[in-house]
$ cat query.txt   # compact mmCIF, C-alpha atoms
# COMPACT_ATOMS: atom_id res chain seq x y z
CA MET P 1 0.00 0.00 0.00
CA ALA P 2 1.45 3.34 -1.07
CA PRO P 3 1.81 6.00 1.60
CA ASN P 4 -0.17 9.20 1.46
CA PRO P 5 1.58 11.53 -1.04
CA TYR P 6 1.39 14.37 1.51
CA PHE P 7 3.27 12.28 4.04
CA PHE P 8 6.60 13.46 2.60
CA ILE P 9 5.57 17.07 3.05
CA VAL P 10 5.01 16.32 6.71
CA ILE P 11 8.51 14.86 6.94
CA PHE P 12 9.96 17.92 5.21
CA VAL P 13 8.17 20.27 7.60
CA GLY P 14 9.40 18.26 10.55
CA VAL P 15 13.02 18.38 9.38
CA ALA P 16 12.69 22.07 8.55
CA LEU P 17 11.57 22.73 12.11
CA VAL P 18 14.08 20.51 13.90
CA PHE P 19 17.07 21.61 11.85
CA PRO P 20 17.14 25.25 13.02
CA LEU P 21 15.52 24.68 16.40
CA LEU P 22 17.95 22.03 17.62
CA PRO P 23 21.11 24.24 17.46
CA LEU P 24 19.16 27.10 19.04
CA ALA P 25 18.00 24.83 21.84
CA LEU P 26 21.54 23.51 22.32
CA ALA P 27 22.90 27.05 22.47
CA TRP P 28 20.24 27.94 25.02
CA LEU P 29 21.11 24.89 27.10
CA TRP P 30 24.82 25.71 26.84
CA ARG P 31 24.15 29.21 28.10
CA LYS P 32 22.15 27.88 31.05
CA ALA P 33 24.66 25.20 31.96
CA PHE P 34 28.06 26.74 31.27
CA GLN P 35 28.44 30.14 29.73
CA PRO P 36 26.65 33.00 31.49
CA PRO P 37 25.71 35.88 29.18
CA LYS P 38 27.66 39.06 29.81
CA PRO P 39 26.00 41.92 27.98
CA GLY P 40 27.30 45.44 28.30
CA ALA P 41 26.79 48.94 26.97
CA GLN P 42 29.67 48.73 24.50
CA LYS P 43 29.08 45.12 23.58
CA ASN P 44 25.51 45.93 22.64
CA ALA P 45 26.40 49.16 20.87
CA THR P 46 25.20 49.46 17.29
CA TYR P 47 28.39 50.89 15.87
CA GLU P 48 31.22 48.39 15.92
CA CYS P 49 34.35 50.14 14.73
CA GLY P 50 35.83 51.10 18.06
CA VAL P 51 34.69 54.70 17.83
CA GLU P 52 31.86 56.03 19.91
CA SER P 53 28.89 57.10 17.85
CA ILE P 54 27.92 60.76 18.07
CA GLY P 55 24.38 62.02 17.71
CA ASP P 56 21.47 60.38 15.98
CA ALA P 57 21.43 58.46 12.71
CA GLN P 58 18.00 59.89 11.84
CA ILE P 59 19.18 63.27 10.54
CA GLN P 60 17.63 65.61 7.96
CA PHE P 61 19.46 66.98 4.96
CA ARG P 62 19.05 70.66 4.18
CA SER P 63 16.58 71.29 1.40
CA GLN P 64 19.07 73.67 -0.32
CA TYR P 65 20.81 70.61 -1.71
CA TYR P 66 18.08 70.16 -4.31
CA LEU P 67 19.52 72.90 -6.56
CA TYR P 68 22.87 71.15 -6.73
CA ALA P 69 21.11 67.87 -7.36
CA ILE P 70 19.18 69.31 -10.32
CA ILE P 71 22.21 71.01 -11.86
CA PHE P 72 24.26 67.86 -11.40
CA LEU P 73 21.54 65.83 -13.08
CA ILE P 74 21.46 68.11 -16.12
CA PHE P 75 25.20 67.94 -16.66
CA ASP P 76 25.21 64.23 -15.98
CA VAL P 77 22.78 63.76 -18.86
CA GLU P 78 24.89 66.09 -20.98
CA ALA P 79 27.92 63.87 -20.41
CA ILE P 80 25.98 60.85 -21.65
CA PHE P 81 25.28 62.70 -24.92
CA LEU P 82 28.81 64.06 -25.19
CA VAL P 83 30.53 60.66 -25.16
CA PRO P 84 28.88 59.30 -28.37
CA PHE P 85 29.27 62.74 -29.90
CA ALA P 86 33.01 62.67 -29.25
CA VAL P 87 33.34 59.08 -30.51
CA ALA P 88 31.52 59.80 -33.79
CA PHE P 89 32.95 63.32 -34.15
CA THR P 90 34.99 62.81 -37.35
CA GLY P 91 32.17 61.15 -39.28
CA LEU P 92 29.42 63.64 -38.37
CA PRO P 93 27.51 65.65 -40.99
CA VAL P 94 27.33 69.41 -40.49
CA GLY P 95 23.67 69.29 -39.41
CA ALA P 96 24.40 66.88 -36.54
CA PHE P 97 27.36 68.97 -35.44
CA ILE P 98 25.24 72.11 -35.27
CA ALA P 99 22.51 70.19 -33.44
CA ILE P 100 24.87 69.09 -30.67
CA LEU P 101 26.34 72.59 -30.56
CA VAL P 102 22.88 74.02 -29.97
CA PHE P 103 22.29 71.44 -27.27
CA LEU P 104 25.55 72.42 -25.56
CA LEU P 105 24.82 76.13 -25.85
CA LEU P 106 21.38 75.63 -24.32
CA LEU P 107 22.89 73.87 -21.32
CA ILE P 108 25.67 76.45 -20.94
CA GLU P 109 23.08 79.20 -21.13
CA GLY P 110 21.17 77.41 -18.36
CA LEU P 111 24.29 77.29 -16.25
CA VAL P 112 24.99 80.99 -16.83
CA TRP P 113 21.40 81.77 -15.91
CA ALA P 114 21.58 79.68 -12.73
CA TRP P 115 24.89 81.24 -11.82
CA SER P 116 23.71 84.82 -12.34
CA LYS P 117 20.56 84.09 -10.38
CA GLY P 118 22.73 83.11 -7.42
CA CYS P 119 21.80 79.44 -7.34
CA LEU P 120 25.41 78.40 -6.81
CA ASN P 121 25.78 80.57 -3.72
CA TRP P 122 25.33 78.61 -0.56
CA ALA P 123 21.99 79.54 0.99
CA LYS P 124 22.31 80.10 4.69
CA MET V 125 40.11 14.45 31.07
CA SER V 126 42.12 13.18 33.97
CA GLU V 127 39.43 10.63 34.82
CA ILE V 128 40.28 8.49 31.80
CA ASP V 129 43.48 6.53 31.93
CA GLU V 130 45.73 7.58 29.03
CA GLY V 131 46.82 4.00 28.39
CA LEU V 132 43.23 2.85 28.20
CA ARG V 133 42.44 5.69 25.84
CA SER V 134 45.17 4.81 23.39
CA GLU V 135 44.25 1.12 23.65
CA LEU V 136 40.64 1.98 22.81
CA GLN V 137 41.77 4.23 19.96
CA ARG V 138 43.67 1.35 18.48
CA GLN V 139 40.40 -0.58 18.46
CA GLY V 140 38.67 2.32 16.72
CA ILE V 141 36.88 3.73 19.76
CA TRP V 142 37.44 7.38 20.60
CA VAL V 143 36.67 8.50 24.12
CA THR V 144 36.32 12.16 24.84
CA SER V 145 34.66 14.57 27.23
CA MET V 146 32.53 17.61 26.60
CA GLU V 147 35.33 19.86 27.81
CA GLU V 148 37.82 18.32 25.43
CA LEU V 149 35.42 18.49 22.51
CA TYR V 150 34.55 22.11 23.30
CA ASN V 151 38.18 23.19 23.55
CA TRP V 152 39.16 21.18 20.48
CA GLY V 153 36.53 22.96 18.44
CA ARG V 154 37.48 26.38 19.75
CA LYS V 155 41.23 26.10 19.44
CA ASN V 156 41.15 25.01 15.81
CA SER V 157 38.93 27.85 14.66
CA ILE V 158 40.28 31.08 16.08
CA TRP V 159 39.11 34.07 14.09
CA PRO V 160 41.38 37.07 14.57
CA LEU V 161 40.23 40.64 14.42
CA GLN V 162 41.50 42.31 11.26
CA PHE V 163 43.44 45.36 12.24
CA GLY V 164 47.08 46.34 12.33
CA LEU V 165 48.68 49.26 14.07
CA ALA V 166 52.26 49.50 12.83
CA CYS V 167 55.10 47.52 11.28
CA CYS V 168 54.16 44.33 13.19
CA ALA V 169 51.00 44.30 11.09
CA ILE V 170 53.16 43.65 8.01
CA GLU V 171 54.53 40.54 9.69
CA MET V 172 50.98 39.58 10.62
CA ILE V 173 49.94 39.96 6.98
CA ALA V 174 52.89 37.79 5.95
CA THR V 175 51.76 35.19 8.50
CA ALA V 176 48.30 35.15 7.00
CA ALA V 177 49.60 34.96 3.43
CA SER V 178 50.68 31.90 1.51
CA ARG V 179 54.27 31.57 2.67
CA TYR V 180 53.55 31.14 6.39
CA ASP V 181 49.83 30.40 6.08
CA ILE V 182 48.18 30.72 9.46
CA ALA V 183 45.27 28.79 7.92
CA ARG V 184 47.15 25.63 8.84
CA PHE V 185 46.22 26.43 12.43
CA GLY V 186 42.66 27.51 11.77
CA GLY V 187 43.24 31.23 12.09
CA GLU V 188 42.93 32.47 8.54
CA ILE V 189 39.56 34.15 8.82
CA PHE V 190 40.46 37.70 9.77
CA ARG V 191 37.18 39.37 10.62
CA PRO V 192 36.66 43.08 10.03
CA SER V 193 34.03 43.18 12.76
CA PRO V 194 34.75 42.60 16.45
CA ARG V 195 31.39 40.85 16.74
CA GLN V 196 32.75 37.89 14.80
CA ALA V 197 36.28 37.74 16.20
CA ASP V 198 37.78 35.53 18.90
CA LEU V 199 41.28 36.86 18.95
CA MET V 200 42.74 40.35 19.00
CA ILE V 201 46.29 40.55 17.70
CA VAL V 202 47.62 43.89 18.91
CA ALA V 203 50.21 44.24 16.18
CA GLY V 204 52.22 47.38 16.66
CA THR V 205 52.69 50.58 18.58
CA VAL V 206 49.61 51.59 20.51
CA THR V 207 49.44 55.35 20.66
CA LYS V 208 47.48 57.05 23.39
CA LYS V 209 45.12 58.33 20.74
CA MET V 210 44.40 54.75 19.63
CA ALA V 211 44.23 53.03 23.03
CA PRO V 212 40.56 53.87 23.81
CA GLN V 213 39.53 52.48 20.43
CA ILE V 214 41.48 49.26 21.06
CA VAL V 215 39.84 48.79 24.45
CA ARG V 216 36.43 49.52 22.96
CA LEU V 217 36.98 47.00 20.18
CA TYR V 218 38.03 44.44 22.77
CA ASN V 219 34.88 45.17 24.74
CA GLN V 220 32.78 44.65 21.64
CA MET V 221 34.18 41.20 20.97
CA PRO V 222 31.98 38.35 22.17
CA ASP V 223 33.23 35.90 24.79
CA PRO V 224 35.43 33.88 24.74
CA LYS V 225 38.06 36.34 23.55
CA TYR V 226 41.82 36.33 23.61
CA VAL V 227 44.58 38.86 23.09
CA ILE V 228 48.03 38.40 21.60
CA SER V 229 50.35 41.30 22.33
CA MET V 230 52.63 41.26 19.32
CA GLY V 231 55.99 42.96 19.42
CA ALA V 232 57.92 45.12 21.83
CA CYS V 233 55.64 48.13 21.30
CA ALA V 234 52.42 46.36 22.24
CA ILE V 235 54.16 44.83 25.26
CA SER V 236 55.82 47.90 26.70
CA GLY V 237 56.04 50.72 24.17
CA GLY V 238 59.24 49.21 22.80
CA PRO V 239 61.70 51.62 21.18
CA PHE V 240 59.10 54.38 21.45
CA LYS V 241 58.56 53.89 25.18
CA THR V 242 59.84 57.37 26.02
CA GLY V 243 57.51 58.97 23.50
CA TYR V 244 54.90 61.23 25.03
CA ASN V 245 52.19 59.76 22.84
CA VAL V 246 52.95 56.05 23.19
CA LEU V 247 51.07 53.72 25.49
CA LYS V 248 53.49 51.68 27.58
CA GLY V 249 51.87 48.35 26.89
CA ILE V 250 48.32 47.36 25.98
CA ASP V 251 48.17 45.13 29.07
CA ARG V 252 47.54 48.27 31.10
CA TYR V 253 43.91 48.16 29.95
CA ILE V 254 43.04 44.69 28.71
CA PRO V 255 44.17 41.23 29.81
CA VAL V 256 46.77 39.76 27.46
CA ASP V 257 47.08 36.01 26.95
CA VAL V 258 50.27 35.67 24.93
CA TYR V 259 53.16 38.12 24.57
CA ILE V 260 55.52 37.93 21.58
CA PRO V 261 58.84 39.72 21.98
CA GLY V 262 60.60 41.05 18.92
CA CYS V 263 60.82 44.21 16.88
CA PRO V 264 59.02 43.14 14.83
CA PRO V 265 58.59 39.43 15.59
CA ARG V 266 58.99 37.16 12.62
CA PRO V 267 55.94 35.30 11.27
CA GLU V 268 57.25 32.12 12.89
CA ALA V 269 57.05 33.88 16.24
CA LEU V 270 53.42 34.79 15.63
CA LEU V 271 52.71 31.19 14.67
CA HIS V 272 54.40 30.09 17.88
CA ALA V 273 52.25 32.50 19.86
CA PHE V 274 49.19 31.16 18.06
CA MET V 275 50.14 27.62 19.05
CA GLU V 276 50.71 28.77 22.62
CA LEU V 277 47.24 30.27 22.61
CA GLN V 278 45.84 27.01 21.28
CA ARG V 279 47.59 25.22 24.12
CA LYS V 280 46.06 27.64 26.58
CA ILE V 281 42.57 27.18 25.12
CA ASP V 282 43.04 23.43 25.24
CA SER V 283 43.86 23.54 28.94
CA GLN V 284 40.91 25.71 29.96
CA LYS V 285 38.45 24.13 32.33
CA LEU V 286 34.73 23.99 31.72
CA THR V 287 33.69 23.72 35.35
CA GLY V 288 35.18 24.04 38.80
CA SER V 289 36.84 26.91 40.59
CA GLU V 290 39.55 27.28 37.93
CA LYS V 291 37.22 27.43 34.95
CA ALA V 292 37.87 29.81 32.08
CA THR V 293 37.12 33.48 32.69
CA HIS V 294 34.43 33.68 30.01
CA LEU V 295 32.51 30.93 31.82
CA ASP V 296 32.73 32.71 35.17
CA SER V 297 29.85 35.11 35.71
CA ARG V 298 31.90 37.14 38.22
CA GLN V 299 34.66 37.93 35.71
CA PRO V 300 34.03 41.06 33.63
CA SER V 301 33.69 40.94 29.87
CA GLU V 302 34.11 44.68 29.34
CA PHE V 303 36.91 46.81 30.67
CA PRO V 304 36.79 50.55 31.33
CA VAL V 305 37.78 52.65 28.32
CA PRO V 306 40.40 55.28 29.17
CA ALA V 307 39.59 58.90 28.41
CA PHE V 308 41.82 61.60 26.98
CA GLY V 309 43.13 63.64 29.89
CA ALA V 310 45.13 66.85 29.97
CA HIS V 311 48.51 65.10 29.78
CA ASP V 312 47.85 61.39 29.73
CA LEU V 313 45.10 58.86 29.42
CA GLU V 314 42.88 58.77 32.47
CA PRO V 315 43.31 56.49 34.23
CA PRO V 316 46.88 55.71 33.08
CA ALA V 317 46.27 52.04 33.79
CA ASN V 318 43.45 49.78 34.92
CA PRO V 319 44.51 48.56 38.38
CA ASP V 320 42.30 45.47 38.08
CA VAL V 321 44.31 44.29 35.08
CA PHE V 322 47.72 45.87 35.45
CA GLN V 323 49.91 45.92 38.54
CA PRO V 324 53.36 47.35 37.86
CA PRO V 325 56.15 45.35 39.48
CA LYS V 326 57.21 46.95 42.73
CA ILE V 327 60.88 47.74 43.02
CA GLU V 328 62.12 47.51 46.57
CA ARG V 329 65.50 48.80 47.52
CA THR V 330 67.09 47.39 50.61
$ encode --input "query.txt" --output "structure tokens"
Amino acid sequence: MAPNPYFFIVIFVGVALVFPLLPLALAWLWRKAFQPPKPGAQKNATYECGVESIGDAQIQFRSQYYLYAIIFLIFDVEAIFLVPFAVAFTGLPVGAFIAILVFLLLLIEGLVWAWSKGCLNWAK
Amino acid sequence: MSEIDEGLRSELQRQGIWVTSMEELYNWGRKNSIWPLQFGLACCAIEMIATAASRYDIARFGGEIFRPSPRQADLMIVAGTVTKKMAPQIVRLYNQMPDPKYVISMGACAISGGPFKTGYNVLKGIDRYIPVDVYIPGCPPRPEALLHAFMELQRKIDSQKLTGSEKATHLDSRQPSEFPVPAFGAHDLEPPANPDVFQPPKIERT
């Protein structure tokens, strides 16, 4: 007579329970019988590099950073366009060259505008 | 292990029966898998690196896994000159290591300050703040010396008792696991030494 096909699942579940629980139980027994736990302020500290942590990890960044983030993003995208432009520079038709020049001028104009507006000055 | 007659043990081993005790098994497992804390302070660290590398290969003794976190380390190899600026960090790292933990004081500087003993910024031995298990003299000690110290430490671990009045310190609830971290004072670390750990030899003139 064949066993119930779900019987093997039961065996798997049993092994899956015993396998992690047995070492944990042994460790618990070992602690009770031999090795007393010795917690401490430094032992339980979160930071583990030998230096005392200062302040709180939950800090806020100043909102003024967003201008730098936006300007960085624009020039980051520009760099992506500049690399294929530089690679294909010698084989470019005049129209493509002027197109990329316009693109560059637009970005430079944006930078000049941001600069003259005082966006690059650190806001106190 | 003293309960079992050594002759009987070897006779049984010849028959394929191994007799052991929990203490022996525990120490055997610990001594062959000592994970050192990965940090070096000065030129001794270069020798320590050489010991861990292929030519000297500390992996033969089970100590190749240098851990960058004190939470996973069993052994602190104080390899080099301990400056007074660094001493609090060393003690804090030692405190953050889980029990059982051991310290090898490698080289003249870690033992006593060595050639820089008269320096205003040099700690005169790491044993002023934390208990040291094995000292290695030398400036710097050769990799063989570090391997010898490692074997000495293994011998010490092997002889540690699991129960009784002379059991290992990490099994004794009265023994501390953390030691006070010295603070930067006006001229020196405060306190200059931990009196529970370090007692300078008294010189008596007659």
$ closest_atom_pairs --input "query.txt" --of "chain P" --to "chain V" --cutoff "6 Å" --atoms "all atoms listed in the file" --output "CSV"
residue,atom,partner,partner_atom,distance
P:Gln35,CA,V:Leu295,CA,4.6
P:Pro36,CA,V:Ser297,CA,5.7
P:Gln42,CA,V:Gln220,CA,5.9
P:Lys43,CA,V:Gln220,CA,4.2
P:Gly50,CA,V:Gln213,CA,4.6
P:Val51,CA,V:Gln213,CA,5.9
$ residues_around --input "query.txt" --residues "segment 65-71 of chain P" --least-positions-apart "6" --cutoff "12 Å" --atoms "all atoms listed in the file" --output "list in words"
Val77, Glu78, Leu107, Ile108, Gly110, Leu111, Val112, Trp113, Ala114, Trp115, Lys117, Gly118, Cys119, Leu120, Asn121, Trp122, Ala123 and Lys124 of chain P
$ atom_distance --input "query.txt" --atom1 "atom CA of Ile201 of chain V" --atom2 "atom CA of Arg184 of chain V"
17.4 Å
$ residues_around --input "query.txt" --residues "Pro267 of chain V" --least-positions-apart "4" --cutoff "10 Å" --atoms "all atoms listed in the file" --output "PDB file with C-alpha atoms, in the coordinates of the input"
ATOM      1  CA  CYS V 168      54.160  44.330  13.190  1.00  0.00           C
ATOM      2  CA  ILE V 170      53.160  43.650   8.010  1.00  0.00           C
ATOM      3  CA  GLU V 171      54.530  40.540   9.690  1.00  0.00           C
ATOM      4  CA  MET V 172      50.980  39.580  10.620  1.00  0.00           C
ATOM      5  CA  ILE V 173      49.940  39.960   6.980  1.00  0.00           C
ATOM      6  CA  ALA V 174      52.890  37.790   5.950  1.00  0.00           C
ATOM      7  CA  THR V 175      51.760  35.190   8.500  1.00  0.00           C
ATOM      8  CA  ALA V 176      48.300  35.150   7.000  1.00  0.00           C
ATOM      9  CA  ARG V 179      54.270  31.570   2.670  1.00  0.00           C
ATOM     10  CA  TYR V 180      53.550  31.140   6.390  1.00  0.00           C
ATOM     11  CA  ASP V 181      49.830  30.400   6.080  1.00  0.00           C
ATOM     12  CA  ILE V 182      48.180  30.720   9.460  1.00  0.00           C
ATOM     13  CA  LEU V 271      52.710  31.190  14.670  1.00  0.00           C
ATOM     14  CA  HIS V 272      54.400  30.090  17.880  1.00  0.00           C
ATOM     15  CA  ALA V 273      52.250  32.500  19.860  1.00  0.00           C
TER      16      ALA V 273
END
$ atom_distance --input "query.txt" --atom1 "atom CA of Arg154 of chain V" --atom2 "atom CA of Ile281 of chain V"
7.4 Å
$ atom_distance --input "query.txt" --atom1 "atom CA of Phe19 of chain P" --atom2 "atom CA of Ser145 of chain V"
24.4 Å
$ closest_residue --input "query.txt" --among "V:Val206, V:Leu270, V:Met200, V:Ala183" --to "Asn245 of chain V" --atoms "all atoms listed in the file"
V:Val206
$ closest_residue --input "query.txt" --among "V:Ala234, V:Val256, V:Ala169, V:Ile189" --to "Val321 of chain V" --atoms "all atoms listed in the file"
V:Val256
$ closest_residue --input "query.txt" --among "V:Ile158, V:Ala310, V:Ile128, V:Leu165" --to "Thr144 of chain V" --atoms "only C-alpha atoms"
V:Ile128
$ axis_aligned_box --input "query.txt" --around "segment 94-98 of chain P" --padding-each-side "8 Å" --output "lines of an AutoDock Vina configuration file"
center_x = 25.5
center_y = 69.5
center_z = -37.9
size_x = 19.7
size_y = 21.2
size_z = 21.2
$ residues_around --input "query.txt" --residues "Gly262 of chain V" --least-positions-apart "4" --cutoff "9 Å" --atoms "all atoms listed in the file" --output "PyMOL selection string"
chain V and resi 230-233+266+269
